[in-house]
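Below is upload.cif, which holds mmCIF, C-alpha atoms and all ligand atoms.
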data_target
#
loop_
_atom_site.label_atom_id
_atom_site.label_comp_id
_atom_site.auth_asym_id
_atom_site.auth_seq_id
_atom_site.Cartn_x
_atom_site.Cartn_y
_atom_site.Cartn_z
CA MET A 1184 0.00 0.00 0.00
CA ARG A 1185 1.24 3.50 -0.78
CA ARG A 1186 1.69 5.26 2.54
CA PRO A 1187 2.99 8.86 2.17
CA ARG A 1188 3.03 9.07 5.97
CA ARG A 1189 6.11 6.79 6.04
CA ASN A 1190 8.20 9.75 4.86
CA ARG A 1191 6.79 11.93 7.62
CA ARG A 1192 7.38 9.48 10.43
CA THR A 1193 10.46 10.97 12.15
CA ASP A 1194 12.37 14.25 12.27
CA GLY A 1195 15.25 12.53 10.52
CA ILE A 1196 13.17 11.29 7.61
CA ARG A 1197 11.32 14.57 7.29
CA SER A 1198 14.59 16.49 7.13
CA MET A 1199 15.81 14.12 4.38
CA VAL A 1200 12.85 14.70 2.10
CA ARG A 1201 12.32 18.41 2.82
CA GLU A 1202 12.00 20.21 -0.54
CA THR A 1203 12.47 23.81 0.56
CA ARG A 1204 15.01 25.20 2.99
CA LEU A 1205 15.50 28.62 4.46
CA SER A 1206 18.93 30.12 4.80
CA VAL A 1207 19.96 33.41 6.42
CA ASP A 1208 22.18 33.92 3.34
CA GLN A 1209 19.08 34.65 1.30
CA LEU A 1210 17.41 37.08 3.69
CA VAL A 1211 17.63 40.85 3.31
CA TYR A 1212 16.87 43.20 6.22
CA PRO A 1213 15.28 46.62 5.50
CA LEU A 1214 16.62 49.55 7.53
CA PHE A 1215 14.91 52.95 7.85
CA LEU A 1216 17.38 55.82 8.09
CA VAL A 1217 17.05 59.34 9.46
CA ASP A 1218 19.32 62.33 9.83
CA GLY A 1219 20.83 62.92 13.27
CA GLU A 1220 22.75 61.07 15.94
CA GLY A 1221 21.82 58.48 18.52
CA VAL A 1222 18.35 57.99 17.02
CA LYS A 1223 16.61 54.65 17.54
CA ASP A 1224 12.96 55.37 17.12
CA GLU A 1225 10.62 52.36 16.93
CA VAL A 1226 8.08 52.29 14.08
CA THR A 1227 4.76 51.86 15.90
CA SER A 1228 3.15 49.78 13.18
CA LEU A 1229 6.26 47.61 12.71
CA PRO A 1230 7.38 46.65 16.20
CA GLY A 1231 11.05 45.69 16.38
CA ASN A 1232 11.97 47.99 13.49
CA PHE A 1233 13.47 51.44 14.02
CA ARG A 1234 14.31 54.72 12.33
CA LEU A 1235 18.08 54.87 12.71
CA SER A 1236 20.78 57.52 12.42
CA THR A 1237 24.18 56.65 10.95
CA ASP A 1238 25.71 55.55 14.26
CA THR A 1239 22.81 53.36 15.38
CA ALA A 1240 22.40 51.90 11.88
CA VAL A 1241 26.05 50.81 11.90
CA GLU A 1242 25.46 49.27 15.34
CA ILE A 1243 22.42 47.28 14.14
CA VAL A 1244 24.32 46.13 11.05
CA GLY A 1245 27.06 44.90 13.42
CA GLU A 1246 24.53 42.91 15.47
CA CYS A 1247 23.17 41.35 12.28
CA MET A 1248 26.62 40.51 10.94
CA GLU A 1249 27.36 38.62 14.17
CA ASN A 1250 24.35 36.48 13.37
CA HIS A 1251 25.48 35.93 9.77
CA LEU A 1252 22.88 38.31 8.36
CA SER A 1253 24.81 40.50 5.93
CA LYS A 1254 22.28 41.85 3.40
CA PHE A 1255 20.50 45.16 3.91
CA ILE A 1256 18.16 47.36 1.93
CA LEU A 1257 18.15 51.00 3.00
CA PHE A 1258 15.30 53.54 2.97
CA PRO A 1259 15.44 57.21 4.02
CA SER A 1260 12.95 59.09 6.17
CA VAL A 1261 13.40 62.71 5.12
CA THR A 1262 12.15 65.82 6.98
CA ASP A 1263 9.68 68.05 5.13
CA SER A 1264 12.24 70.87 4.93
CA HIS A 1265 14.35 68.69 2.63
CA LYS A 1266 11.46 67.71 0.36
CA ASP A 1267 10.65 69.42 -2.93
CA LYS A 1268 8.88 68.63 -6.19
CA ARG A 1269 12.05 67.36 -7.90
CA ALA A 1270 13.35 65.31 -4.95
CA SER A 1271 16.63 67.22 -5.22
CA TYR A 1272 17.88 66.03 -1.83
CA SER A 1273 17.99 62.48 -3.24
CA PHE A 1274 21.03 63.27 -5.37
CA ASP A 1275 22.78 65.60 -2.94
CA PRO A 1276 26.02 63.66 -2.30
CA ASP A 1277 26.08 64.94 1.29
CA ASN A 1278 22.64 63.62 2.22
CA PHE A 1279 22.47 61.40 5.31
CA TYR A 1280 21.23 58.40 3.32
CA LEU A 1281 24.36 58.24 1.16
CA GLN A 1282 26.59 59.06 4.13
CA THR A 1283 25.10 56.18 6.14
CA ALA A 1284 25.59 53.79 3.25
CA LYS A 1285 29.26 54.78 3.12
CA ALA A 1286 29.63 54.35 6.88
CA ILE A 1287 28.09 50.85 6.75
CA LYS A 1288 30.37 49.72 3.93
CA LYS A 1289 33.39 51.20 5.69
CA ALA A 1290 32.64 49.42 8.98
CA TYR A 1291 31.48 46.18 7.29
CA PRO A 1292 33.00 45.78 3.81
CA ASP A 1293 31.51 42.26 3.56
CA SER A 1294 27.96 43.50 3.93
CA VAL A 1295 25.77 43.73 0.83
CA ILE A 1296 23.77 46.92 0.61
CA ILE A 1297 20.85 47.54 -1.70
CA SER A 1298 19.50 51.04 -2.38
CA ASP A 1299 16.04 52.39 -3.05
CA VAL A 1300 15.51 54.45 -6.18
CA ALA A 1301 12.21 56.34 -6.11
CA MET A 1302 11.27 59.93 -5.49
CA ASP A 1303 8.58 59.44 -2.84
CA PRO A 1304 10.62 59.81 0.37
CA TYR A 1305 12.15 63.06 -0.95
CA SER A 1306 9.17 64.43 -2.86
CA SER A 1307 6.79 67.09 -1.52
CA ASP A 1308 4.09 65.31 -3.57
CA GLY A 1309 4.85 61.89 -2.04
CA HIS A 1310 4.90 60.22 -5.45
CA ASP A 1311 7.62 58.01 -6.91
CA GLY A 1312 7.87 60.28 -9.97
CA LEU A 1313 7.56 63.93 -10.91
CA VAL A 1314 4.00 65.30 -10.67
CA LYS A 1315 2.65 67.87 -13.12
CA ASP A 1316 -1.03 68.84 -13.16
CA GLY A 1317 -1.89 65.68 -11.26
CA GLU A 1318 -0.04 63.44 -13.71
CA ILE A 1319 3.10 61.40 -12.95
CA LEU A 1320 5.55 62.18 -15.76
CA ASN A 1321 7.58 59.20 -16.91
CA ASP A 1322 10.61 60.33 -18.90
CA GLU A 1323 11.18 63.50 -16.85
CA SER A 1324 11.18 61.33 -13.70
CA ILE A 1325 13.78 59.01 -15.19
CA GLU A 1326 16.29 61.86 -15.44
CA ILE A 1327 15.99 62.38 -11.68
CA LEU A 1328 16.02 58.65 -10.89
CA VAL A 1329 19.22 58.22 -12.88
CA LYS A 1330 20.92 61.05 -10.94
CA MET A 1331 19.84 59.41 -7.69
CA ALA A 1332 21.11 55.99 -8.80
CA LEU A 1333 24.50 57.36 -9.83
CA GLU A 1334 25.06 59.01 -6.44
CA GLN A 1335 24.09 55.73 -4.75
CA ALA A 1336 26.59 53.78 -6.84
CA LYS A 1337 29.30 56.32 -6.01
CA ALA A 1338 28.46 56.02 -2.30
CA GLY A 1339 29.24 52.31 -2.51
CA PHE A 1340 25.89 50.55 -2.79
CA ASP A 1341 26.42 47.05 -4.21
CA ILE A 1342 23.00 46.86 -5.82
CA ILE A 1343 20.65 49.62 -7.00
CA GLY A 1344 16.95 49.01 -6.30
CA PRO A 1345 14.58 50.96 -8.55
CA SER A 1346 11.17 50.75 -6.84
CA ASP A 1347 9.50 53.53 -8.84
CA MET A 1348 7.84 51.54 -11.67
CA MET A 1349 8.52 54.16 -14.37
CA ASP A 1350 8.86 52.64 -17.85
CA GLY A 1351 12.43 52.33 -19.10
CA ARG A 1352 14.21 53.19 -15.87
CA VAL A 1353 16.24 49.97 -15.63
CA GLY A 1354 17.81 50.52 -19.05
CA ALA A 1355 18.48 54.19 -18.33
CA ILE A 1356 20.13 53.42 -15.00
CA ARG A 1357 22.15 50.53 -16.49
CA SER A 1358 23.61 52.62 -19.30
CA ALA A 1359 24.32 55.59 -17.01
CA LEU A 1360 26.13 53.31 -14.53
CA ASP A 1361 28.17 51.71 -17.31
CA HIS A 1362 28.97 55.11 -18.73
CA ILE A 1363 30.61 56.35 -15.52
CA GLY A 1364 32.52 53.11 -14.91
CA TYR A 1365 30.14 51.39 -12.49
CA GLY A 1366 29.65 48.28 -14.59
CA ASN A 1367 29.94 46.10 -11.49
CA THR A 1368 27.07 47.74 -9.64
CA GLY A 1369 24.01 45.50 -9.94
CA ILE A 1370 20.33 46.30 -10.38
CA MET A 1371 17.54 44.61 -8.44
CA SER A 1372 14.47 45.77 -10.29
CA TYR A 1373 11.06 45.97 -8.67
CA THR A 1374 9.66 44.23 -11.72
CA ALA A 1375 6.16 43.45 -10.50
CA LYS A 1376 5.33 45.99 -7.86
CA TYR A 1377 1.63 46.15 -7.17
CA ALA A 1378 -0.54 49.08 -6.05
CA SER A 1379 -1.07 47.36 -2.73
CA ALA A 1380 -2.78 48.19 0.56
CA PHE A 1381 0.03 46.37 2.38
CA TYR A 1382 2.55 49.25 2.27
CA GLY A 1383 0.81 51.17 5.09
CA PRO A 1384 3.35 50.71 7.90
CA PHE A 1385 6.22 51.54 5.52
CA ARG A 1386 4.59 54.83 4.54
CA ASP A 1387 4.12 55.60 8.26
CA ALA A 1388 7.78 54.87 8.88
CA LEU A 1389 8.95 57.20 6.12
CA ASP A 1390 6.07 59.67 6.11
CA SER A 1391 5.97 59.07 2.36
CA ALA A 1392 2.28 58.63 1.55
CA PRO A 1393 1.09 60.45 -1.61
CA LYS A 1394 -0.30 63.91 -0.86
CA ALA A 1395 -2.93 63.52 -3.60
CA GLY A 1396 -4.18 60.60 -5.66
CA ASP A 1397 -2.82 57.07 -5.53
CA LYS A 1398 -0.07 55.09 -7.27
CA LYS A 1399 -2.30 53.12 -9.66
CA THR A 1400 -0.99 54.76 -12.85
CA TYR A 1401 2.46 53.31 -12.26
CA GLN A 1402 2.20 50.41 -9.80
CA MET A 1403 0.48 47.29 -11.13
CA ASP A 1404 -3.14 46.28 -10.75
CA PRO A 1405 -3.39 43.48 -8.13
CA ALA A 1406 -5.69 41.62 -10.51
CA ASN A 1407 -2.96 41.05 -13.11
CA ARG A 1408 -0.50 38.19 -13.36
CA ARG A 1409 0.32 38.03 -17.10
CA GLU A 1410 1.20 41.72 -17.13
CA ALA A 1411 4.09 40.87 -14.77
CA LEU A 1412 5.64 38.87 -17.63
CA ILE A 1413 5.63 41.98 -19.82
CA GLU A 1414 7.48 43.86 -17.08
CA ALA A 1415 9.87 40.91 -16.70
CA GLU A 1416 10.68 40.82 -20.39
CA LEU A 1417 11.47 44.54 -20.38
CA ASP A 1418 13.62 44.39 -17.24
CA ILE A 1419 15.59 41.41 -18.54
CA ASN A 1420 16.25 43.18 -21.84
CA GLU A 1421 17.16 46.40 -20.05
CA GLY A 1422 19.82 44.62 -17.99
CA ALA A 1423 18.35 43.83 -14.57
CA ASP A 1424 20.34 41.37 -12.40
CA PHE A 1425 17.42 40.41 -10.15
CA LEU A 1426 13.66 40.61 -10.69
CA MET A 1427 11.51 41.41 -7.70
CA VAL A 1428 7.89 40.69 -6.88
CA LYS A 1429 6.25 42.86 -4.26
CA PRO A 1430 4.29 42.16 -2.05
CA ALA A 1431 5.24 38.51 -1.59
CA VAL A 1432 2.67 36.47 0.34
CA HIS A 1433 -0.33 37.75 -1.61
CA TYR A 1434 1.49 37.29 -4.94
CA LEU A 1435 2.96 33.78 -4.71
CA ASP A 1436 1.51 32.94 -8.14
CA VAL A 1437 3.40 35.87 -9.65
CA ILE A 1438 6.64 34.70 -8.02
CA GLN A 1439 6.10 31.26 -9.51
CA SER A 1440 5.35 32.66 -12.97
CA LEU A 1441 8.48 34.81 -13.03
CA LYS A 1442 10.59 31.93 -11.76
CA GLU A 1443 9.41 29.79 -14.66
CA TYR A 1444 9.91 32.65 -17.11
CA THR A 1445 13.55 33.54 -16.38
CA ASP A 1446 16.82 32.13 -15.07
CA LEU A 1447 17.60 35.40 -13.28
CA PRO A 1448 17.34 35.27 -9.48
CA ILE A 1449 13.91 36.23 -8.15
CA ALA A 1450 13.57 38.43 -5.08
CA ALA A 1451 10.34 38.74 -3.13
CA TYR A 1452 9.51 41.60 -0.78
CA HIS A 1453 7.61 40.44 2.29
CA VAL A 1454 6.25 43.94 2.79
CA SER A 1455 5.52 45.95 5.90
CA GLY A 1456 1.78 45.23 6.04
CA GLU A 1457 2.32 41.51 5.57
CA CYS A 1458 4.82 41.48 8.45
CA ALA A 1459 2.70 43.74 10.68
CA MET A 1460 -0.29 41.40 10.35
CA LEU A 1461 1.72 38.52 11.79
CA THR A 1462 3.08 40.59 14.67
CA ALA A 1463 -0.34 42.02 15.49
CA ALA A 1464 -2.01 38.60 15.55
CA ALA A 1465 0.81 37.19 17.68
CA ARG A 1466 0.46 40.08 20.16
CA HIS A 1467 -3.18 39.11 20.60
CA GLY A 1468 -2.08 35.54 21.22
CA TRP A 1469 -3.91 34.45 18.06
CA LEU A 1470 -0.95 32.77 16.41
CA ASP A 1471 2.54 31.69 17.28
CA LEU A 1472 5.25 33.75 15.58
CA GLU A 1473 7.90 31.06 16.09
CA SER A 1474 6.07 28.81 13.68
CA ALA A 1475 4.11 31.35 11.59
CA VAL A 1476 7.15 33.33 10.41
CA PRO A 1477 9.21 30.36 9.15
CA GLU A 1478 6.10 28.90 7.51
CA THR A 1479 5.46 32.21 5.73
CA LEU A 1480 9.04 32.56 4.51
CA THR A 1481 9.10 28.91 3.42
CA ALA A 1482 5.96 29.51 1.37
CA ILE A 1483 7.63 32.46 -0.37
CA LYS A 1484 10.68 30.31 -1.18
CA ARG A 1485 8.57 27.34 -2.26
CA ALA A 1486 6.85 29.62 -4.79
CA GLY A 1487 10.26 30.31 -6.32
CA ALA A 1488 11.93 33.22 -4.53
CA ASP A 1489 15.71 33.05 -4.26
CA VAL A 1490 15.98 36.16 -2.10
CA ILE A 1491 13.49 37.34 0.54
CA ILE A 1492 13.37 40.88 1.86
CA THR A 1493 11.63 40.76 5.22
CA TYR A 1494 11.34 42.80 8.41
CA PHE A 1495 11.78 39.46 10.21
CA ALA A 1496 15.29 38.91 8.79
CA LYS A 1497 17.07 39.90 12.01
CA TRP A 1498 14.55 38.04 14.13
CA MET A 1499 15.11 34.90 12.03
CA ALA A 1500 18.90 35.27 12.10
CA GLU A 1501 18.81 35.49 15.90
CA ARG A 1502 16.85 32.23 16.02
CA ARG A 1503 18.57 30.41 13.20
CA ASP A 1504 19.56 27.41 15.32
CA SER A 1505 16.00 26.69 16.31
CA LEU A 1506 13.99 27.98 13.35
CA ILE A 1507 16.13 27.34 10.28
CA VAL A 1508 16.30 23.61 9.70
C1 LIG A 1601 8.27 53.34 -2.53
C2 LIG A 1601 8.38 52.06 -1.78
C3 LIG A 1601 7.34 51.50 -1.03
C4 LIG A 1601 7.85 50.36 -0.42
C5 LIG A 1601 9.18 50.24 -0.80
N1 LIG A 1601 9.50 51.29 -1.66
C6 LIG A 1601 5.98 51.98 -0.76
C7 LIG A 1601 5.16 52.55 -1.82
O1 LIG A 1601 5.27 52.21 -3.00
O2 LIG A 1601 4.37 53.42 -1.47
C8 LIG A 1601 7.04 49.51 0.50
C9 LIG A 1601 7.74 48.51 1.32
C10 LIG A 1601 6.94 47.96 2.44
O3 LIG A 1601 5.72 48.17 2.57
O4 LIG A 1601 7.54 47.26 3.25
N2 LIG A 1601 9.13 53.63 -3.51
#
In structure tokens, write the structure found in this file.
Ligand code: PBG
Amino acid sequence: MRRPRRNRRTDGIRSMVRETRLSVDQLVYPLFLVDGEGVKDEVTSLPGNFRLSTDTAVEIVGECMENHLSKFILFPSVTDSHKDKRASYSFDPDNFYLQTAKAIKKAYPDSVIISDVAMDPYSSDGHDGLVKDGEILNDESIEILVKMALEQAKAGFDIIGPSDMMDGRVGAIRSALDHIGYGNTGIMSYTAKYASAFYGPFRDALDSAPKAGDKKTYQMDPANRREALIEAELDINEGADFLMVKPAVHYLDVIQSLKEYTDLPIAAYHVSGECAMLTAAARHGWLDLESAVPETLTAIKRAGADVIITYFAKWMAERRDSLIV
């Protein structure tokens, strides 16, 4: 008689036939950065995550490195006085975001740091691109995004992360990087980034919500899967090194489709709202984080993600002996 339960009988047998494994090597930890010194300000809607100044960010990176977590994606929280329509602060080489990136790479040369290319944290309109008469301009935004990306490469970011969803930005950034001699700087493209309700805590953390309108003319419609393949084709041709799907848990089918479509590594962003839901339920005693988080991350990997960006990266790394099997 066929008895599938035979292969589930003991820990030893289960570990032998396990199809998907988590590794800290493939986790990326997002860090929110602010100007100042000694700042470690917890994000209310994302407990355990903080807005950090350069010094405290370097400290947190050090704690992660001790636990073999060495990949970070950095986001700035900018004060209103530094915001304008053209997001000019984003390509000011002296801005705290670029300075912190430099400080992290100096203290921990073996870390891998990924940037964020989008105008929203620096824009007085709170949109990822340039706004004119209520419209998000594509090609005019790309000029600004390219300037931002070049300063990030010069500051020492290993990988540039365009999250803006403007058409043609990957190709424009790739050729600008190559042109100034940064051919080794990679691009992790937010290929399929959806206009999602699950970015709420992130926008609280950065105070980056749009002042008017929504992001539906550039971020994808949650109803669409095939359209992600169009974005993938473009990003591959434009020279992306990684393709990202965002959010992750609600878009496992999209992760699987992109995995089947390309041999490039697939990244998945387990976004702020998806993480906050788990923490909130656990705080009510409604589910157990110790098993819910690894199950969630395993599901994202099983769908086909090679790299997972998650606010639980540090938490997982600190528990790797018990939770990563
Ligand atoms: C914006 C950006 C967003 C996130 C990463 N980059 C939010 C948005 O598009 O409004 C969200 C990440 C998260 O929710 O964890 N360029």
Residue nearest Gln1282 in chain A - candidates A:Pro1304, A:Gly1317, A:Gly1383, A:Gly1339, atoms counted: only C-alpha atoms = A:Gly1339
Any idea what's packed within 8 Å of Gln1209 in chain A, counting all atoms listed in the file, ignoring anything in its chain fewer than 4 positions away? Could you give it as a CSV table (one decimal) with C-alpha atoms, in the coordinates of the input?
chain,number,residue,atom,x,y,z
A,1205,LEU,CA,15.5,28.6,4.5
A,1489,ASP,CA,15.7,33.0,-4.3
A,1490,VAL,CA,16.0,36.2,-2.1
A,1491,ILE,CA,13.5,37.3,0.5
Hey, which residues come within 10 Å of ligand LIG 1601 (chain A) if we count all atoms listed in the file? Could you give them as a JSON list (two decimals) with C-alpha atoms, in the coordinates of the input?
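Result went into selection29.json, see below:
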[["chain", "number", "residue", "atom", "x", "y", "z"],
["A", 1213, "PRO", "CA", 15.28, 46.62, 5.50],
["A", 1229, "LEU", "CA", 6.26, 47.61, 12.71],
["A", 1256, "ILE", "CA", 18.16, 47.36, 1.93],
["A", 1257, "LEU", "CA", 18.15, 51.00, 3.00],
["A", 1258, "PHE", "CA", 15.30, 53.54, 2.97],
["A", 1299, "ASP", "CA", 16.04, 52.39, -3.05],
["A", 1300, "VAL", "CA", 15.51, 54.45, -6.18],
["A", 1301, "ALA", "CA", 12.21, 56.34, -6.11],
["A", 1302, "MET", "CA", 11.27, 59.93, -5.49],
["A", 1303, "ASP", "CA", 8.58, 59.44, -2.84],
["A", 1304, "PRO", "CA", 10.62, 59.81, 0.37],
["A", 1309, "GLY", "CA", 4.85, 61.89, -2.04],
["A", 1310, "HIS", "CA", 4.90, 60.22, -5.45],
["A", 1311, "ASP", "CA", 7.62, 58.01, -6.91],
["A", 1312, "GLY", "CA", 7.87, 60.28, -9.97],
["A", 1344, "GLY", "CA", 16.95, 49.01, -6.30],
["A", 1345, "PRO", "CA", 14.58, 50.96, -8.55],
["A", 1346, "SER", "CA", 11.17, 50.75, -6.84],
["A", 1347, "ASP", "CA", 9.50, 53.53, -8.84],
["A", 1348, "MET", "CA", 7.84, 51.54, -11.67],
["A", 1373, "TYR", "CA", 11.06, 45.97, -8.67],
["A", 1376, "LYS", "CA", 5.33, 45.99, -7.86],
["A", 1377, "TYR", "CA", 1.63, 46.15, -7.17],
["A", 1378, "ALA", "CA", -0.54, 49.08, -6.05],
["A", 1379, "SER", "CA", -1.07, 47.36, -2.73],
["A", 1380, "ALA", "CA", -2.78, 48.19, 0.56],
["A", 1381, "PHE", "CA", 0.03, 46.37, 2.38],
["A", 1382, "TYR", "CA", 2.55, 49.25, 2.27],
["A", 1383, "GLY", "CA", 0.81, 51.17, 5.09],
["A", 1384, "PRO", "CA", 3.35, 50.71, 7.90],
["A", 1385, "PHE", "CA", 6.22, 51.54, 5.52],
["A", 1386, "ARG", "CA", 4.59, 54.83, 4.54],
["A", 1387, "ASP", "CA", 4.12, 55.60, 8.26],
["A", 1388, "ALA", "CA", 7.78, 54.87, 8.88],
["A", 1389, "LEU", "CA", 8.95, 57.20, 6.12],
["A", 1390, "ASP", "CA", 6.07, 59.67, 6.11],
["A", 1391, "SER", "CA", 5.97, 59.07, 2.36],
["A", 1392, "ALA", "CA", 2.28, 58.63, 1.55],
["A", 1393, "PRO", "CA", 1.09, 60.45, -1.61],
["A", 1397, "ASP", "CA", -2.82, 57.07, -5.53],
["A", 1398, "LYS", "CA", -0.07, 55.09, -7.27],
["A", 1401, "TYR", "CA", 2.46, 53.31, -12.26],
["A", 1402, "GLN", "CA", 2.20, 50.41, -9.80],
["A", 1429, "LYS", "CA", 6.25, 42.86, -4.26],
["A", 1430, "PRO", "CA", 4.29, 42.16, -2.05],
["A", 1452, "TYR", "CA", 9.51, 41.60, -0.78],
["A", 1453, "HIS", "CA", 7.61, 40.44, 2.29],
["A", 1454, "VAL", "CA", 6.25, 43.94, 2.79],
["A", 1455, "SER", "CA", 5.52, 45.95, 5.90],
["A", 1456, "GLY", "CA", 1.78, 45.23, 6.04],
["A", 1457, "GLU", "CA", 2.32, 41.51, 5.57],
["A", 1458, "CYS", "CA", 4.82, 41.48, 8.45],
["A", 1459, "ALA", "CA", 2.70, 43.74, 10.68],
["A", 1492, "ILE", "CA", 13.37, 40.88, 1.86],
["A", 1493, "THR", "CA", 11.63, 40.76, 5.22],
["A", 1494, "TYR", "CA", 11.34, 42.80, 8.41]]
For CA of Cys1247 in chain A and CA of Asp1293 in chain A, the interatomic separation in Å (one decimal) = 12.1 Å
Enclosing box along x, y and z for every listed atom of range 1440-1458 of chain A, padded 4 Å each side, centre and size in Å, one decimal, as lines of an AutoDock Vina configuration file:
center_x = 9.7
center_y = 37.9
center_z = -4.3
size_x = 23.8
size_y = 24.2
size_z = 33.6
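The interatomic distance for the pair CA of Val1211 in chain A and CA of Ile1449 in chain A works out to 12.9 Å.
Atom pair CA of Ile1356 in chain A / CA of Lys1394 in chain A has a distance of 27.0 Å (rounded to one decimal).
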Nearest-residue call for Ile1507 in chain A, choices A:Asp1424, A:Ser1260, A:Val1476, A:Ala1488, using only C-alpha atoms |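 Residue with the minimum atom-to-atom distance to Ile1507 in chain A: A:Val1476.
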Distance criterion (only C-alpha atoms): nearest to Val1437 in chain A out of A:Asn1407, A:Thr1481, A:Asn1321, A:Ser1236 | A:Asn1407
Rank A:Ala1359, A:Leu1320, A:Thr1368, A:Leu1313 by their smallest atom-to-atom distance to Asp1341 in chain A, using all atoms listed in the file, and report the top residue only.
-> A:Thr1368
Counting only C-alpha atoms, figure out which residue out of A:Arg1408, A:Lys1399, A:His1433, A:Arg1269 gets nearest to Val1314 in chain A.
->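 Nearest candidate to Val1314 in chain A out of A:Arg1408, A:Lys1399, A:His1433, A:Arg1269: A:Arg1269.
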Residue neighbourhood Ser1474 in chain A, 12 Å, all atoms listed in the file, exclusion window fewer than 2 positions, as a ChimeraX atom specification | /A:1461,1465,1470-1472,1476-1481,1499,1502,1505-1507
Using only C-alpha atoms, what residues lie at most 12 Å away from (11.3, 31.7, -17.9) (file coordinates), given as a ChimeraX atom specification?
-> /A:1412-1413,1415-1416,1419,1426,1438-1449,1487
